[in-house]
Every structure is written in C-alpha cells, then in structure tokens.
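Asks: If it helps, the file is called entry23.pdb and holds PDB, C-alpha atoms and all ligand atoms:
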```
ATOM      1  CA  MET A   1      14.438  -7.199  -4.084  1.00  0.00           C
ATOM      2  CA  GLU A   2      15.350 -10.814  -4.581  1.00  0.00           C
ATOM      3  CA  TYR A   3      18.996 -11.556  -5.451  1.00  0.00           C
ATOM      4  CA  LYS A   4      19.710 -13.523  -8.599  1.00  0.00           C
ATOM      5  CA  ILE A   5      22.851 -14.902 -10.203  1.00  0.00           C
ATOM      6  CA  ALA A   6      22.759 -14.850 -14.005  1.00  0.00           C
ATOM      7  CA  PRO A   7      25.796 -16.695 -15.403  1.00  0.00           C
ATOM      8  CA  SER A   8      26.643 -15.674 -18.957  1.00  0.00           C
ATOM      9  CA  ILE A   9      26.949 -18.523 -21.444  1.00  0.00           C
ATOM     10  CA  LEU A  10      29.355 -16.336 -23.426  1.00  0.00           C
ATOM     11  CA  SER A  11      32.040 -17.991 -21.296  1.00  0.00           C
ATOM     12  CA  ALA A  12      30.570 -21.514 -21.637  1.00  0.00           C
ATOM     13  CA  ASP A  13      31.942 -24.151 -24.039  1.00  0.00           C
ATOM     14  CA  PHE A  14      30.303 -23.240 -27.387  1.00  0.00           C
ATOM     15  CA  GLY A  15      30.384 -26.933 -28.326  1.00  0.00           C
ATOM     16  CA  HIS A  16      28.449 -27.929 -25.187  1.00  0.00           C
ATOM     17  CA  PHE A  17      25.872 -25.249 -24.435  1.00  0.00           C
ATOM     18  CA  ALA A  18      23.154 -27.715 -23.381  1.00  0.00           C
ATOM     19  CA  ARG A  19      25.476 -29.504 -20.953  1.00  0.00           C
ATOM     20  CA  ASP A  20      26.812 -26.254 -19.497  1.00  0.00           C
ATOM     21  CA  ILE A  21      23.382 -24.704 -19.044  1.00  0.00           C
ATOM     22  CA  GLN A  22      22.272 -27.801 -17.154  1.00  0.00           C
ATOM     23  CA  THR A  23      25.302 -27.475 -14.891  1.00  0.00           C
ATOM     24  CA  LEU A  24      24.254 -23.891 -14.104  1.00  0.00           C
ATOM     25  CA  GLU A  25      20.747 -24.962 -13.191  1.00  0.00           C
ATOM     26  CA  ALA A  26      21.982 -27.805 -10.974  1.00  0.00           C
ATOM     27  CA  ALA A  27      24.348 -25.370  -9.230  1.00  0.00           C
ATOM     28  CA  GLY A  28      21.466 -23.113  -8.218  1.00  0.00           C
ATOM     29  CA  ALA A  29      21.786 -20.253 -10.689  1.00  0.00           C
ATOM     30  CA  GLU A  30      18.423 -18.524 -11.097  1.00  0.00           C
ATOM     31  CA  TRP A  31      18.881 -17.145 -14.594  1.00  0.00           C
ATOM     32  CA  ALA A  32      20.937 -17.871 -17.721  1.00  0.00           C
ATOM     33  CA  HIS A  33      22.320 -14.695 -19.316  1.00  0.00           C
ATOM     34  CA  ILE A  34      22.432 -15.036 -23.100  1.00  0.00           C
ATOM     35  CA  ASP A  35      24.640 -12.511 -24.931  1.00  0.00           C
ATOM     36  CA  ILE A  36      23.416 -11.927 -28.459  1.00  0.00           C
ATOM     37  CA  MET A  37      25.954  -9.922 -30.490  1.00  0.00           C
ATOM     38  CA  ASP A  38      25.715  -9.022 -34.171  1.00  0.00           C
ATOM     39  CA  GLY A  39      29.262  -7.920 -35.056  1.00  0.00           C
ATOM     40  CA  HIS A  40      27.952  -4.391 -35.732  1.00  0.00           C
ATOM     41  CA  PHE A  41      26.753  -2.838 -32.481  1.00  0.00           C
ATOM     42  CA  VAL A  42      29.791  -4.528 -30.910  1.00  0.00           C
ATOM     43  CA  ASP A  43      32.872  -6.071 -32.556  1.00  0.00           C
ATOM     44  CA  ASN A  44      31.945  -9.609 -31.588  1.00  0.00           C
ATOM     45  CA  LEU A  45      29.492 -12.056 -33.109  1.00  0.00           C
ATOM     46  CA  THR A  46      27.822 -14.777 -31.064  1.00  0.00           C
ATOM     47  CA  PHE A  47      24.466 -16.452 -31.667  1.00  0.00           C
ATOM     48  CA  GLY A  48      20.811 -15.666 -32.150  1.00  0.00           C
ATOM     49  CA  ALA A  49      17.281 -16.965 -31.662  1.00  0.00           C
ATOM     50  CA  GLY A  50      18.182 -20.349 -33.207  1.00  0.00           C
ATOM     51  CA  VAL A  51      20.513 -21.204 -30.329  1.00  0.00           C
ATOM     52  CA  VAL A  52      17.973 -19.917 -27.775  1.00  0.00           C
ATOM     53  CA  ALA A  53      15.305 -22.196 -29.294  1.00  0.00           C
ATOM     54  CA  ALA A  54      17.707 -25.151 -29.295  1.00  0.00           C
ATOM     55  CA  LEU A  55      18.518 -24.618 -25.605  1.00  0.00           C
ATOM     56  CA  ARG A  56      14.941 -24.114 -24.441  1.00  0.00           C
ATOM     57  CA  PRO A  57      14.047 -27.852 -24.135  1.00  0.00           C
ATOM     58  CA  HIS A  58      17.199 -28.439 -22.059  1.00  0.00           C
ATOM     59  CA  SER A  59      16.533 -25.908 -19.307  1.00  0.00           C
ATOM     60  CA  ASN A  60      13.922 -24.355 -17.046  1.00  0.00           C
ATOM     61  CA  LEU A  61      16.146 -21.395 -16.244  1.00  0.00           C
ATOM     62  CA  PHE A  62      14.881 -17.884 -16.904  1.00  0.00           C
ATOM     63  CA  PHE A  63      16.463 -16.926 -20.255  1.00  0.00           C
ATOM     64  CA  ASP A  64      17.776 -13.375 -19.841  1.00  0.00           C
ATOM     65  CA  CYS A  65      18.678 -12.254 -23.375  1.00  0.00           C
ATOM     66  CA  HIS A  66      21.057  -9.304 -23.687  1.00  0.00           C
ATOM     67  CA  LEU A  67      20.901  -7.861 -27.188  1.00  0.00           C
ATOM     68  CA  MET A  68      24.079  -6.132 -28.346  1.00  0.00           C
ATOM     69  CA  VAL A  69      22.732  -5.553 -31.820  1.00  0.00           C
ATOM     70  CA  GLU A  70      21.598  -2.874 -34.212  1.00  0.00           C
ATOM     71  CA  HIS A  71      17.857  -2.868 -34.980  1.00  0.00           C
ATOM     72  CA  PRO A  72      16.847  -4.811 -31.845  1.00  0.00           C
ATOM     73  CA  GLU A  73      13.201  -4.696 -32.954  1.00  0.00           C
ATOM     74  CA  LYS A  74      13.985  -7.340 -35.589  1.00  0.00           C
ATOM     75  CA  TYR A  75      14.775  -9.876 -32.858  1.00  0.00           C
ATOM     76  CA  ILE A  76      11.550  -9.562 -30.858  1.00  0.00           C
ATOM     77  CA  GLU A  77       9.387 -12.045 -32.699  1.00  0.00           C
ATOM     78  CA  PRO A  78      12.090 -14.689 -33.243  1.00  0.00           C
ATOM     79  CA  LEU A  79      13.157 -14.536 -29.585  1.00  0.00           C
ATOM     80  CA  ALA A  80       9.601 -14.698 -28.261  1.00  0.00           C
ATOM     81  CA  LYS A  81       9.018 -17.784 -30.420  1.00  0.00           C
ATOM     82  CA  ALA A  82      12.326 -19.285 -29.245  1.00  0.00           C
ATOM     83  CA  GLY A  83      11.176 -19.142 -25.622  1.00  0.00           C
ATOM     84  CA  ALA A  84      13.182 -16.179 -24.317  1.00  0.00           C
ATOM     85  CA  ASP A  85      11.850 -14.838 -21.008  1.00  0.00           C
ATOM     86  CA  SER A  86      13.369 -11.395 -21.135  1.00  0.00           C
ATOM     87  CA  MET A  87      14.943  -9.080 -23.690  1.00  0.00           C
ATOM     88  CA  SER A  88      17.398  -6.348 -22.700  1.00  0.00           C
ATOM     89  CA  ILE A  89      17.957  -3.722 -25.370  1.00  0.00           C
ATOM     90  CA  HIS A  90      20.589  -1.006 -25.410  1.00  0.00           C
ATOM     91  CA  ALA A  91      19.346   2.565 -25.121  1.00  0.00           C
ATOM     92  CA  GLU A  92      22.188   3.472 -27.524  1.00  0.00           C
ATOM     93  CA  ALA A  93      20.988   1.018 -30.190  1.00  0.00           C
ATOM     94  CA  THR A  94      17.649   2.499 -31.199  1.00  0.00           C
ATOM     95  CA  PRO A  95      16.004   5.893 -31.655  1.00  0.00           C
ATOM     96  CA  HIS A  96      12.706   4.118 -30.861  1.00  0.00           C
ATOM     97  CA  LEU A  97      13.446   3.026 -27.317  1.00  0.00           C
ATOM     98  CA  HIS A  98       9.961   3.430 -25.864  1.00  0.00           C
ATOM     99  CA  GLY A  99       8.240   1.792 -28.832  1.00  0.00           C
ATOM    100  CA  THR A 100      10.624  -1.151 -28.936  1.00  0.00           C
ATOM    101  CA  LEU A 101      10.227  -1.823 -25.187  1.00  0.00           C
ATOM    102  CA  GLN A 102       6.466  -1.709 -25.653  1.00  0.00           C
ATOM    103  CA  GLN A 103       6.716  -4.265 -28.488  1.00  0.00           C
ATOM    104  CA  ILE A 104       8.766  -6.589 -26.262  1.00  0.00           C
ATOM    105  CA  LYS A 105       6.061  -6.458 -23.597  1.00  0.00           C
ATOM    106  CA  ASN A 106       3.350  -7.031 -26.195  1.00  0.00           C
ATOM    107  CA  ALA A 107       5.254 -10.133 -27.341  1.00  0.00           C
ATOM    108  CA  GLY A 108       4.919 -11.542 -23.801  1.00  0.00           C
ATOM    109  CA  MET A 109       8.507 -11.070 -22.622  1.00  0.00           C
ATOM    110  CA  LYS A 110       9.942  -8.963 -19.806  1.00  0.00           C
ATOM    111  CA  ALA A 111      11.331  -5.702 -21.160  1.00  0.00           C
ATOM    112  CA  SER A 112      14.656  -4.372 -20.005  1.00  0.00           C
ATOM    113  CA  VAL A 113      16.797  -1.382 -20.971  1.00  0.00           C
ATOM    114  CA  VAL A 114      20.631  -1.397 -20.938  1.00  0.00           C
ATOM    115  CA  ILE A 115      23.062   1.501 -20.607  1.00  0.00           C
ATOM    116  CA  ASN A 116      26.736   1.432 -21.569  1.00  0.00           C
ATOM    117  CA  PRO A 117      29.344   2.798 -19.129  1.00  0.00           C
ATOM    118  CA  GLY A 118      29.331   6.160 -20.969  1.00  0.00           C
ATOM    119  CA  THR A 119      25.558   6.616 -21.015  1.00  0.00           C
ATOM    120  CA  PRO A 120      23.918   8.571 -18.169  1.00  0.00           C
ATOM    121  CA  VAL A 121      20.791   7.503 -16.268  1.00  0.00           C
ATOM    122  CA  GLU A 122      19.154  10.705 -17.520  1.00  0.00           C
ATOM    123  CA  PHE A 123      18.918   9.126 -20.976  1.00  0.00           C
ATOM    124  CA  ILE A 124      16.539   6.369 -19.825  1.00  0.00           C
ATOM    125  CA  LYS A 125      14.445   8.315 -17.305  1.00  0.00           C
ATOM    126  CA  PRO A 126      11.487   8.527 -19.715  1.00  0.00           C
ATOM    127  CA  VAL A 127      11.180   4.715 -19.889  1.00  0.00           C
ATOM    128  CA  LEU A 128      11.810   3.773 -16.244  1.00  0.00           C
ATOM    129  CA  SER A 129       8.134   3.437 -15.404  1.00  0.00           C
ATOM    130  CA  MET A 130       7.590   0.834 -18.149  1.00  0.00           C
ATOM    131  CA  VAL A 131      10.580  -1.502 -17.747  1.00  0.00           C
ATOM    132  CA  ASP A 132      10.923  -4.711 -15.743  1.00  0.00           C
ATOM    133  CA  MET A 133      14.664  -4.240 -15.385  1.00  0.00           C
ATOM    134  CA  VAL A 134      17.536  -1.838 -15.989  1.00  0.00           C
ATOM    135  CA  LEU A 135      20.890  -3.367 -16.910  1.00  0.00           C
ATOM    136  CA  VAL A 136      23.873  -1.198 -16.033  1.00  0.00           C
ATOM    137  CA  MET A 137      26.961  -2.303 -17.968  1.00  0.00           C
ATOM    138  CA  SER A 138      30.002  -2.408 -15.708  1.00  0.00           C
ATOM    139  CA  VAL A 139      32.324  -2.962 -18.708  1.00  0.00           C
ATOM    140  CA  ASN A 140      32.063  -1.863 -22.309  1.00  0.00           C
ATOM    141  CA  PRO A 141      30.019  -4.521 -24.110  1.00  0.00           C
ATOM    142  CA  GLY A 142      31.451  -7.028 -26.556  1.00  0.00           C
ATOM    143  CA  PHE A 143      33.717  -9.396 -24.672  1.00  0.00           C
ATOM    144  CA  GLY A 144      33.944 -11.398 -21.485  1.00  0.00           C
ATOM    145  CA  GLY A 145      36.836 -11.207 -19.055  1.00  0.00           C
ATOM    146  CA  GLN A 146      37.159  -7.411 -18.829  1.00  0.00           C
ATOM    147  CA  LYS A 147      37.874  -5.337 -15.734  1.00  0.00           C
ATOM    148  CA  PHE A 148      34.968  -4.028 -13.632  1.00  0.00           C
ATOM    149  CA  ILE A 149      34.498  -0.232 -13.936  1.00  0.00           C
ATOM    150  CA  PRO A 150      33.645   0.933 -10.374  1.00  0.00           C
ATOM    151  CA  GLU A 151      32.325   4.376 -11.477  1.00  0.00           C
ATOM    152  CA  THR A 152      29.326   2.673 -13.114  1.00  0.00           C
ATOM    153  CA  MET A 153      28.051   1.826  -9.634  1.00  0.00           C
ATOM    154  CA  GLU A 154      27.149   5.510  -9.124  1.00  0.00           C
ATOM    155  CA  LYS A 155      24.467   4.923 -11.757  1.00  0.00           C
ATOM    156  CA  VAL A 156      23.216   1.841  -9.934  1.00  0.00           C
ATOM    157  CA  ALA A 157      22.843   3.926  -6.767  1.00  0.00           C
ATOM    158  CA  GLU A 158      21.100   6.701  -8.710  1.00  0.00           C
ATOM    159  CA  LEU A 159      18.643   4.215 -10.226  1.00  0.00           C
ATOM    160  CA  SER A 160      17.957   2.657  -6.861  1.00  0.00           C
ATOM    161  CA  GLU A 161      17.145   6.109  -5.469  1.00  0.00           C
ATOM    162  CA  ILE A 162      14.846   7.007  -8.370  1.00  0.00           C
ATOM    163  CA  ARG A 163      13.105   3.660  -7.976  1.00  0.00           C
ATOM    164  CA  SER A 164      12.166   4.334  -4.372  1.00  0.00           C
ATOM    165  CA  GLU A 165      11.302   8.017  -4.997  1.00  0.00           C
ATOM    166  CA  ARG A 166       8.957   7.116  -7.821  1.00  0.00           C
ATOM    167  CA  GLN A 167       7.751   3.888  -6.163  1.00  0.00           C
ATOM    168  CA  LEU A 168       8.743   1.729  -9.120  1.00  0.00           C
ATOM    169  CA  ASN A 169       9.878  -1.872  -8.909  1.00  0.00           C
ATOM    170  CA  PHE A 170      12.278  -2.705 -11.731  1.00  0.00           C
ATOM    171  CA  ASP A 171      15.207  -5.039 -11.080  1.00  0.00           C
ATOM    172  CA  ILE A 172      18.720  -3.608 -11.379  1.00  0.00           C
ATOM    173  CA  GLU A 173      21.208  -5.892 -13.118  1.00  0.00           C
ATOM    174  CA  VAL A 174      24.959  -5.422 -13.450  1.00  0.00           C
ATOM    175  CA  ASP A 175      27.042  -7.033 -16.190  1.00  0.00           C
ATOM    176  CA  GLY A 176      30.796  -7.170 -16.637  1.00  0.00           C
ATOM    177  CA  GLY A 177      33.722  -7.976 -14.382  1.00  0.00           C
ATOM    178  CA  ILE A 178      31.563  -9.460 -11.628  1.00  0.00           C
ATOM    179  CA  SER A 179      33.494 -11.820  -9.339  1.00  0.00           C
ATOM    180  CA  ASP A 180      33.549 -12.744  -5.663  1.00  0.00           C
ATOM    181  CA  LEU A 181      35.549  -9.530  -5.179  1.00  0.00           C
ATOM    182  CA  THR A 182      33.277  -7.065  -7.015  1.00  0.00           C
ATOM    183  CA  ILE A 183      29.808  -8.501  -6.363  1.00  0.00           C
ATOM    184  CA  GLU A 184      29.588  -6.871  -2.925  1.00  0.00           C
ATOM    185  CA  THR A 185      30.273  -3.406  -4.356  1.00  0.00           C
ATOM    186  CA  ALA A 186      27.446  -3.924  -6.856  1.00  0.00           C
ATOM    187  CA  LYS A 187      25.135  -5.230  -4.147  1.00  0.00           C
ATOM    188  CA  LYS A 188      25.886  -2.255  -1.874  1.00  0.00           C
ATOM    189  CA  ALA A 189      25.145   0.152  -4.720  1.00  0.00           C
ATOM    190  CA  GLY A 190      21.694  -1.422  -5.072  1.00  0.00           C
ATOM    191  CA  ALA A 191      21.926  -4.100  -7.778  1.00  0.00           C
ATOM    192  CA  ASN A 192      19.991  -7.354  -7.308  1.00  0.00           C
ATOM    193  CA  VAL A 193      20.767  -9.332 -10.491  1.00  0.00           C
ATOM    194  CA  PHE A 194      24.400 -10.201 -11.114  1.00  0.00           C
ATOM    195  CA  VAL A 195      25.739 -11.430 -14.455  1.00  0.00           C
ATOM    196  CA  ALA A 196      29.025 -13.316 -14.321  1.00  0.00           C
ATOM    197  CA  GLY A 197      30.733 -15.041 -17.229  1.00  0.00           C
ATOM    198  CA  SER A 198      34.446 -15.663 -16.875  1.00  0.00           C
ATOM    199  CA  PHE A 199      34.298 -15.880 -13.073  1.00  0.00           C
ATOM    200  CA  VAL A 200      31.689 -18.656 -13.194  1.00  0.00           C
ATOM    201  CA  PHE A 201      33.189 -20.710 -16.019  1.00  0.00           C
ATOM    202  CA  ASN A 202      36.834 -20.399 -15.027  1.00  0.00           C
ATOM    203  CA  GLY A 203      37.336 -23.492 -12.868  1.00  0.00           C
ATOM    204  CA  ASP A 204      34.563 -25.307 -11.007  1.00  0.00           C
ATOM    205  CA  VAL A 205      31.196 -23.817 -12.036  1.00  0.00           C
ATOM    206  CA  THR A 206      29.269 -25.104  -9.013  1.00  0.00           C
ATOM    207  CA  GLU A 207      31.893 -23.860  -6.568  1.00  0.00           C
ATOM    208  CA  ASN A 208      32.085 -20.448  -8.261  1.00  0.00           C
ATOM    209  CA  ILE A 209      28.317 -19.929  -8.158  1.00  0.00           C
ATOM    210  CA  TYR A 210      28.396 -20.892  -4.487  1.00  0.00           C
ATOM    211  CA  LYS A 211      31.141 -18.306  -3.843  1.00  0.00           C
ATOM    212  CA  LEU A 212      29.009 -15.562  -5.439  1.00  0.00           C
ATOM    213  CA  LYS A 213      25.929 -16.590  -3.490  1.00  0.00           C
ATOM    214  CA  GLU A 214      27.853 -16.535  -0.226  1.00  0.00           C
ATOM    215  CA  LYS A 215      28.622 -12.835  -0.806  1.00  0.00           C
ATOM    216  CA  LEU A 216      24.920 -12.050  -1.120  1.00  0.00           C
ATOM    217  CA  LYS A 217      23.995 -13.403   2.308  1.00  0.00           C
TER     218      LYS A 217
HETATM  219  C1  LIG A 301      29.903  -8.430 -22.230  1.00  0.00           C
HETATM  220  C2  LIG A 301      28.710  -9.297 -21.955  1.00  0.00           C
HETATM  221  C3  LIG A 301      28.772  -9.948 -20.639  1.00  0.00           C
HETATM  222  C4  LIG A 301      29.924 -10.901 -20.481  1.00  0.00           C
HETATM  223  C5  LIG A 301      30.393 -10.756 -19.064  1.00  0.00           C
HETATM  224  O1  LIG A 301      29.665  -7.688 -23.364  1.00  0.00           O
HETATM  225  O2  LIG A 301      27.514  -8.540 -22.010  1.00  0.00           O
HETATM  226  O3  LIG A 301      27.535 -10.573 -20.308  1.00  0.00           O
HETATM  227  O4  LIG A 301      29.601 -12.245 -20.703  1.00  0.00           O
HETATM  228  O5  LIG A 301      31.576 -11.452 -18.915  1.00  0.00           O
HETATM  229  P1  LIG A 301      32.486 -11.295 -17.627  1.00  0.00           P
HETATM  230  O6  LIG A 301      31.668 -11.704 -16.442  1.00  0.00           O
HETATM  231  O7  LIG A 301      33.616 -12.205 -17.917  1.00  0.00           O
HETATM  232  O8  LIG A 301      32.894  -9.836 -17.535  1.00  0.00           O
HETATM  233 ZN    ZN A 302      25.680  -9.446 -21.157  1.00  0.00          ZN
END
```
So, in terms of structure tokens, how does the structure I just supplied come out?

Replies:
Amino acid sequence: MEYKIAPSILSADFGHFARDIQTLEAAGAEWAHIDIMDGHFVDNLTFGAGVVAALRPHSNLFFDCHLMVEHPEKYIEPLAKAGADSMSIHAEATPHLHGTLQQIKNAGMKASVVINPGTPVEFIKPVLSMVDMVLVMSVNPGFGGQKFIPETMEKVAELSEIRSERQLNFDIEVDGGISDLTIETAKKAGANVFVAGSFVFNGDVTENIYKLKEKLK
C-alpha cells in the first residue's frame, strides 16, 4: 500500500485555512484531513460543507473528510457538491452503516468507516468488503493534541490480517497522537495513511511533514 500523510486542518489557523492548506500541498502532503464535528457526537464544533466548498478552489489535495457527527447521511449530498473526495463515517454514529456507506459511494466519493478506541473490529466486519478505507482512531475523537493510545494498534494489525485473508484492498488510516515518535508504531502495525494535526502545525509545517515522511522510508 502507498503511504500517505494527511495533515488535519483542525490544528491550522482558522482565520487562514486557504493559506495553510496551500502550505501543506507545497510541503508534499498527499491528503488534507478535514475534521467535521457537530457538537453532539463529540463535544467540539468545527465546520461543515461550506468551508470544504470554500477551500476546494484553493487546493488539489485529496479532501479526506472525517465526520464526527450524528446523522452522517445528512452530510453526503452537501459534501459531494462541495468537492469532498472521501467521507469517513463513525460506525458508532449510525444504525444504518451499510446503507450510508453505499449512499456515499453512489454520490461519487470514497467511502470509509471509522472506529473509536473502544469499538472492536468485529463491529465493522460486515462492511469491510465495501469500503475504500478503515480509519482506526488512536485517540478518542473531539480534540487535537491528545496522547496516542498504543492498544488501538492491535486493531490495525487485525484489520491488516483480515485484508490479506479476504484479499481486500482498503487503506488503513490512523488518527490521533501521530508524531515522528508514534508514526513508526502505526506503520509497523499495518497502517498506510497517517493523520497528524498538532505535530504538523506546531512549528515549521514543511519541516514537520518532512520528519514524518522520513520515518516512512
Ligand atoms: C480528533 C481528530 C483528529 C485530530 C488529530 O478528533 O479526528 O483528526 O485533528 O489531532 P492530533 O494529531 O493533534 O492528535
Ligand atoms: Zn480526524
């Protein structure tokens, strides 16, 4: 699988999203991770399809939208219209997981399923053959700057095993507490897409992305 760095704009300057997203692209990031939070599924509130649409003309990056919301199905049409490339929905957020993933695909976006640190892989086994990606949260969702939970990497390894057993080809993304110190652990477990927010935006963005990439060589 191809390695990708997906910096999270949750740690960018909210007054300068366009500028910051261009810095990410120039620094060689492959994806932009966009954390959409509704203040209900998690205790934090960020932005929605309007901001995604406003950013679209400023960037060619793959827009990896992570939905920490209730009723994720309501966001499918607006995000597809806004130019989102991928939508990751939490398995814990909907009783209609299979149907909602199918709707995302029908809308022309990549469909991805997310599990919180307390949710087992077992819970998403029925949808693994239909997803483009599985996102394993390595912190509890809601805020940037939290500590990496190493136990979640057991689930990354389990998913990687299931993927080869069943000859599937979804990406495995990790999100939360990823830095130049933890990225190798996630890589060894089998992840290939790495979200990083505070590590990337704390200090020199270009240098920090370079440091992460070095660890993937
Ligand atoms: C947390 C978000 C993450 C967050 C990661 O709920 O889903 O994408 O931006 O931030 P760091 O890398 O600082 O843990
Ligand atoms: Zn995220």

Asks: So what does the PyMOL selection byres (((chain A and resi 51) around 10) and not hetatm) actually pick up in this one, as a PyMOL selection string?

Replies: chain A and resi 17-18+34+36+46-50+52-56+79+82

Asks: Please identify all polymer residues within 7 Å of stretch 127-133 of chain A, counting only C-alpha atoms, omitting same-chain residues fewer than 2 positions from it, and present them as number ranges by chain.

Replies: A: 98, 110-113, 124-125, 135, 168, 170-172

Asks: Could you dump the residues just selected with C-alpha atoms as a PDB file, in the coordinates of the input?

Replies:
```pdb
ATOM      1  CA  HIS A  98       9.961   3.430 -25.864  1.00  0.00           C
ATOM      2  CA  LYS A 110       9.942  -8.963 -19.806  1.00  0.00           C
ATOM      3  CA  ALA A 111      11.331  -5.702 -21.160  1.00  0.00           C
ATOM      4  CA  SER A 112      14.656  -4.372 -20.005  1.00  0.00           C
ATOM      5  CA  VAL A 113      16.797  -1.382 -20.971  1.00  0.00           C
ATOM      6  CA  ILE A 124      16.539   6.369 -19.825  1.00  0.00           C
ATOM      7  CA  LYS A 125      14.445   8.315 -17.305  1.00  0.00           C
ATOM      8  CA  LEU A 135      20.890  -3.367 -16.910  1.00  0.00           C
ATOM      9  CA  LEU A 168       8.743   1.729  -9.120  1.00  0.00           C
ATOM     10  CA  PHE A 170      12.278  -2.705 -11.731  1.00  0.00           C
ATOM     11  CA  ASP A 171      15.207  -5.039 -11.080  1.00  0.00           C
ATOM     12  CA  ILE A 172      18.720  -3.608 -11.379  1.00  0.00           C
TER      13      ILE A 172
END
```

Asks: From the options A:Arg19, A:His96, A:Lys81, A:Lys4, which residue's atoms come nearest to A:Asp64, counting only C-alpha atoms?

Replies: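 Ranking A:Arg19, A:His96, A:Lys81, A:Lys4 by distance to A:Asp64, first place goes to A:Lys4.
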
Asks: Measure the distance from atom CA of A:Thr119 to atom CA of A:Phe143 in Å and round it to one decimal.

Replies: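 Atom-to-atom, atom CA of A:Thr119 and atom CA of A:Phe143 are spaced 18.3 Å apart.
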
Asks: Written as an MDAnalysis selection string, what is the full residue list that the PyMOL selection byres (((chain A and resi 116) around 8) and not hetatm) yields on the file shown?

Replies: chainID A and resid 90 92 114:115 117:119 136:141
